[in-house]
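J.: First the structure, then my questions, so here it is.
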Amino acid sequence: MNTLETMRLDKWLWCARFYKTRSLATEEIGKGRVTVNGQLTKPARDLRCGDTVALRQGPVARTVRVLGLSGARGPAPVAQQLYEETPDSIAAREKAAELRRLAPEPAATLQEGRPTKRDRRELDKVSNKGSDWGSRWSASIDE
């Protein structure tokens with residue numbers, strides 16, 4: 001960790017490995033999914049040690065306290081030393097993970113899915129009572 005005093009928010013989120021690219025971090029900040037000290041921010045906002053950053057990674061909401069600033073993106077163990085997740089955030093994240101684990105499978109609620117080829121043929125027979133393939137065409141040969 002370098003002895004930087006301030007750092008751009010988007011760069012810190014990238015260095016701390018919350019987002020894969022800086023442009024993705026910038027996009028998430030622009031959508032209002034990242035706040036610093038409870039306020040919506042811009043990607044170029046200066047971040048300092050001790051600031052609280054609340055962010056959303058997909059369905060996961062996290063709140064972290066900035067412990068350090070780094071001038072470069074490093075390996076994950078080094079990136080994890082740049083922040084400390086708050087106890088409330090850890091508890092909420094674990095609770096959400098448990099609820100997702102216990103949630104019923106979405107596909108299990110479907111009574112019927114897409115019809116099979118056999119089902120489609122049966123439906124066609126029922127809906128076309130008495131009509132056969134040849135009677136649908138006007139260009140049939142009459143004898």
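We name chains A, B, ... following the order of the structure tokens; residues begin at 1 in each chain, and ligands are numbered from 1 as shown.
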Report as JSON lines the residues of region 8-36 of chain A within 9 Å of region 66-72 of chain A, each with its shortest atom pair and distance in Å (one decimal), using only C-alpha atoms, ordered by chain and increasing residue number.

T.:
```
{"residue": "A:Lys11", "atom": "CA", "partner": "A:Gly71", "partner_atom": "CA", "distance": 8.5}
{"residue": "A:Trp12", "atom": "CA", "partner": "A:Leu69", "partner_atom": "CA", "distance": 6.9}
{"residue": "A:Cys15", "atom": "CA", "partner": "A:Ala72", "partner_atom": "CA", "distance": 6.1}
{"residue": "A:Ala16", "atom": "CA", "partner": "A:Ser70", "partner_atom": "CA", "distance": 8.3}
```

J.: Which of region 25-134 of chain A counts as alpha helix (DSSP H) under DSSP, as a PyMOL selection string please?

T.: chain A and resi 25-30+76-79+87-102+117-127

J.: For region 14-79 of chain A against region 89-97 of chain A, with a cut-off of 10 Å and counting only C-alpha atoms, what is the closest atom pair and its distance in Å to one decimal for every residue that makes the cut, ordered by chain and number, as a Markdown table?

T.:
```
| residue | atom | partner | partner_atom | distance |
| --- | --- | --- | --- | --- |
| A:Ala54 | CA | A:Ser89 | CA | 9.2 |
| A:Pro59 | CA | A:Ala96 | CA | 8.8 |
| A:Val60 | CA | A:Arg93 | CA | 6.6 |
| A:Ala61 | CA | A:Arg93 | CA | 6.9 |
| A:Arg62 | CA | A:Ser89 | CA | 5.5 |
| A:Thr63 | CA | A:Ser89 | CA | 5.5 |
| A:Val64 | CA | A:Ser89 | CA | 7.8 |
```

J.: Generate the output file for the selected residues, N, CA and C atoms, as a PDB file, in the first residue's frame.

T.:
```
ATOM      1  N   ALA A  54     -20.766   2.644   0.467  1.00  0.00           N
ATOM      2  CA  ALA A  54     -21.850   1.667   0.336  1.00  0.00           C
ATOM      3  C   ALA A  54     -21.997   1.385  -1.152  1.00  0.00           C
ATOM      4  N   PRO A  59     -26.957  -8.547  -6.705  1.00  0.00           N
ATOM      5  CA  PRO A  59     -27.946  -8.539  -5.624  1.00  0.00           C
ATOM      6  C   PRO A  59     -27.337  -8.268  -4.248  1.00  0.00           C
ATOM      7  N   VAL A  60     -26.014  -8.208  -4.165  1.00  0.00           N
ATOM      8  CA  VAL A  60     -25.327  -8.080  -2.888  1.00  0.00           C
ATOM      9  C   VAL A  60     -25.032  -6.617  -2.574  1.00  0.00           C
ATOM     10  N   ALA A  61     -25.518  -6.149  -1.426  1.00  0.00           N
ATOM     11  CA  ALA A  61     -25.227  -4.796  -0.959  1.00  0.00           C
ATOM     12  C   ALA A  61     -24.146  -4.889   0.110  1.00  0.00           C
ATOM     13  N   ARG A  62     -23.132  -4.020   0.009  1.00  0.00           N
ATOM     14  CA  ARG A  62     -22.042  -4.030   0.966  1.00  0.00           C
ATOM     15  C   ARG A  62     -21.771  -2.619   1.462  1.00  0.00           C
ATOM     16  N   THR A  63     -21.328  -2.526   2.698  1.00  0.00           N
ATOM     17  CA  THR A  63     -20.878  -1.268   3.260  1.00  0.00           C
ATOM     18  C   THR A  63     -19.485  -1.505   3.821  1.00  0.00           C
ATOM     19  N   VAL A  64     -18.514  -0.724   3.337  1.00  0.00           N
ATOM     20  CA  VAL A  64     -17.121  -0.922   3.750  1.00  0.00           C
ATOM     21  C   VAL A  64     -16.529   0.402   4.218  1.00  0.00           C
TER      22      VAL A  64
END
```

J.: Just to confirm, what's the straight-line distance from CA of Val36 (chain A) to CA of Thr86 (chain A) in Å (one decimal)?

T.: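 We find that CA of Val36 (chain A) and CA of Thr86 (chain A) lie 14.0 Å from each other.
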
J.: According to DSSP computed on the backbone, where in region 5-138 of chain A is there strand (DSSP E or B)? Give the residues as JSON, numbers by chain.

T.: {"A": [7, 8, 34, 35, 36, 39, 40, 46, 47, 52, 53, 54, 55, 56, 57, 60, 61, 62, 63, 64, 65, 66, 83, 84, 85]}

J.: Take the selection from the previous step and output its residues with N, CA, C and O atoms, as a compact mmCIF listing (two decimals), in the first residue's frame.

T.:
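So out.txt came out as:
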```txt
# COMPACT_ATOMS: atom_id res chain seq x y z
N MET A 7 -7.66 9.58 -3.48
CA MET A 7 -7.69 8.75 -4.70
C MET A 7 -9.09 8.84 -5.30
O MET A 7 -10.07 8.98 -4.58
N ARG A 8 -9.17 8.76 -6.62
CA ARG A 8 -10.47 8.76 -7.29
C ARG A 8 -11.28 7.56 -6.83
O ARG A 8 -10.76 6.46 -6.68
N VAL A 34 -23.50 3.46 -5.80
CA VAL A 34 -22.37 3.65 -4.90
C VAL A 34 -22.54 4.99 -4.19
O VAL A 34 -22.80 6.01 -4.83
N THR A 35 -22.42 4.96 -2.87
CA THR A 35 -22.47 6.20 -2.10
C THR A 35 -21.23 6.27 -1.20
O THR A 35 -20.71 5.23 -0.77
N VAL A 36 -20.80 7.49 -0.91
CA VAL A 36 -19.68 7.70 0.00
C VAL A 36 -20.19 8.56 1.15
O VAL A 36 -20.73 9.65 0.92
N GLN A 39 -23.75 9.84 0.74
CA GLN A 39 -24.11 10.77 -0.33
C GLN A 39 -23.79 10.17 -1.69
O GLN A 39 -22.76 9.51 -1.85
N LEU A 40 -24.67 10.44 -2.66
CA LEU A 40 -24.38 10.03 -4.03
C LEU A 40 -23.17 10.81 -4.51
O LEU A 40 -22.97 11.97 -4.14
N ASP A 46 -12.79 12.50 -4.62
CA ASP A 46 -11.60 12.09 -3.87
C ASP A 46 -12.03 11.26 -2.66
O ASP A 46 -12.89 11.66 -1.89
N LEU A 47 -11.40 10.12 -2.53
CA LEU A 47 -11.69 9.20 -1.43
C LEU A 47 -10.52 9.25 -0.45
O LEU A 47 -9.36 9.29 -0.87
N THR A 52 -16.68 5.94 4.41
CA THR A 52 -17.56 4.77 4.34
C THR A 52 -18.17 4.71 2.95
O THR A 52 -18.78 5.67 2.50
N VAL A 53 -18.00 3.58 2.30
CA VAL A 53 -18.50 3.39 0.94
C VAL A 53 -19.58 2.31 0.97
O VAL A 53 -19.34 1.20 1.44
N ALA A 54 -20.77 2.64 0.47
CA ALA A 54 -21.85 1.67 0.34
C ALA A 54 -22.00 1.39 -1.15
O ALA A 54 -22.09 2.31 -1.96
N LEU A 55 -21.99 0.11 -1.52
CA LEU A 55 -22.07 -0.26 -2.93
C LEU A 55 -22.90 -1.50 -3.11
O LEU A 55 -23.20 -2.21 -2.17
N ARG A 56 -23.27 -1.72 -4.35
CA ARG A 56 -24.09 -2.88 -4.70
C ARG A 56 -23.38 -3.64 -5.81
O ARG A 56 -23.00 -3.07 -6.82
N GLN A 57 -23.18 -4.94 -5.58
CA GLN A 57 -22.60 -5.83 -6.58
C GLN A 57 -23.66 -6.85 -6.94
O GLN A 57 -23.81 -7.86 -6.27
N VAL A 60 -26.01 -8.21 -4.17
CA VAL A 60 -25.33 -8.08 -2.89
C VAL A 60 -25.03 -6.62 -2.57
O VAL A 60 -24.38 -5.92 -3.36
N ALA A 61 -25.52 -6.15 -1.43
CA ALA A 61 -25.23 -4.80 -0.96
C ALA A 61 -24.15 -4.89 0.11
O ALA A 61 -24.21 -5.74 0.99
N ARG A 62 -23.13 -4.02 0.01
CA ARG A 62 -22.04 -4.03 0.97
C ARG A 62 -21.77 -2.62 1.46
O ARG A 62 -21.94 -1.66 0.73
N THR A 63 -21.33 -2.53 2.70
CA THR A 63 -20.88 -1.27 3.26
C THR A 63 -19.49 -1.50 3.82
O THR A 63 -19.30 -2.40 4.65
N VAL A 64 -18.51 -0.72 3.34
CA VAL A 64 -17.12 -0.92 3.75
C VAL A 64 -16.53 0.40 4.22
O VAL A 64 -16.96 1.48 3.82
N ARG A 65 -15.52 0.28 5.08
CA ARG A 65 -14.76 1.44 5.53
C ARG A 65 -13.40 1.39 4.86
O ARG A 65 -12.74 0.34 4.85
N VAL A 66 -12.97 2.49 4.29
CA VAL A 66 -11.70 2.56 3.57
C VAL A 66 -10.56 2.57 4.58
O VAL A 66 -10.50 3.44 5.45
N TYR A 83 -9.80 -2.31 2.65
CA TYR A 83 -11.10 -1.99 3.24
C TYR A 83 -11.45 -2.98 4.34
O TYR A 83 -10.84 -4.04 4.46
N GLU A 84 -12.46 -2.58 5.13
CA GLU A 84 -13.00 -3.45 6.18
C GLU A 84 -14.51 -3.37 6.07
O GLU A 84 -15.08 -2.28 6.09
N GLU A 85 -15.15 -4.51 5.93
CA GLU A 85 -16.61 -4.52 5.83
C GLU A 85 -17.21 -4.35 7.21
O GLU A 85 -16.73 -4.93 8.19
```

J.: Mind pulling up the distance from CA of Thr6 (chain A) to CA of Pro43 (chain A)?

T.: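 Interatomic distance, CA of Pro43 (chain A) to CA of Thr6 (chain A): 13.2 Å.
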
J.: Which residues are near Val78 (chain A)? Cut-off 10 Å, only C-alpha atoms, ignore same chain within fewer than 2 positions. Put them as a list in words.

T.: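 So the residues in contact are Met1, Cys15, Ala16, Arg17, Ser70, Arg73, Gly74, Pro75, Ala76, Gln80, Gln81 and Leu82 of chain A.
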
J.: Output the selection as a short mmCIF file (atom, residue, chain, number, x, y, z; two decimals), in the first residue's frame - C-alpha atoms for each residue.

T.:
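That gives us part-v2.cif:
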```cif
data_model
loop_
_atom_site.label_atom_id
_atom_site.label_comp_id
_atom_site.auth_asym_id
_atom_site.auth_seq_id
_atom_site.Cartn_x
_atom_site.Cartn_y
_atom_site.Cartn_z
CA MET A 1 0.00 0.00 0.00
CA CYS A 15 -8.07 -1.48 -7.14
CA ALA A 16 -10.06 -2.98 -4.25
CA ARG A 17 -11.49 -5.50 -6.76
CA SER A 70 -3.35 1.81 -3.55
CA ARG A 73 -4.58 -3.08 -8.77
CA GLY A 74 -2.95 -5.99 -7.02
CA PRO A 75 -3.81 -9.54 -6.02
CA ALA A 76 -6.99 -10.23 -4.05
CA GLN A 80 -8.78 -7.00 0.83
CA GLN A 81 -6.43 -5.00 3.07
CA LEU A 82 -7.71 -1.76 1.51
#
```

J.: Compare A:Leu4, A:Leu99, A:Leu9, A:Leu123 by their minimum atom-to-atom distance to Thr26 (chain A), counting only C-alpha atoms, and give me the closest one.

T.: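 Using only C-alpha atoms, the shortest distance to Thr26 (chain A) belongs to A:Leu9.
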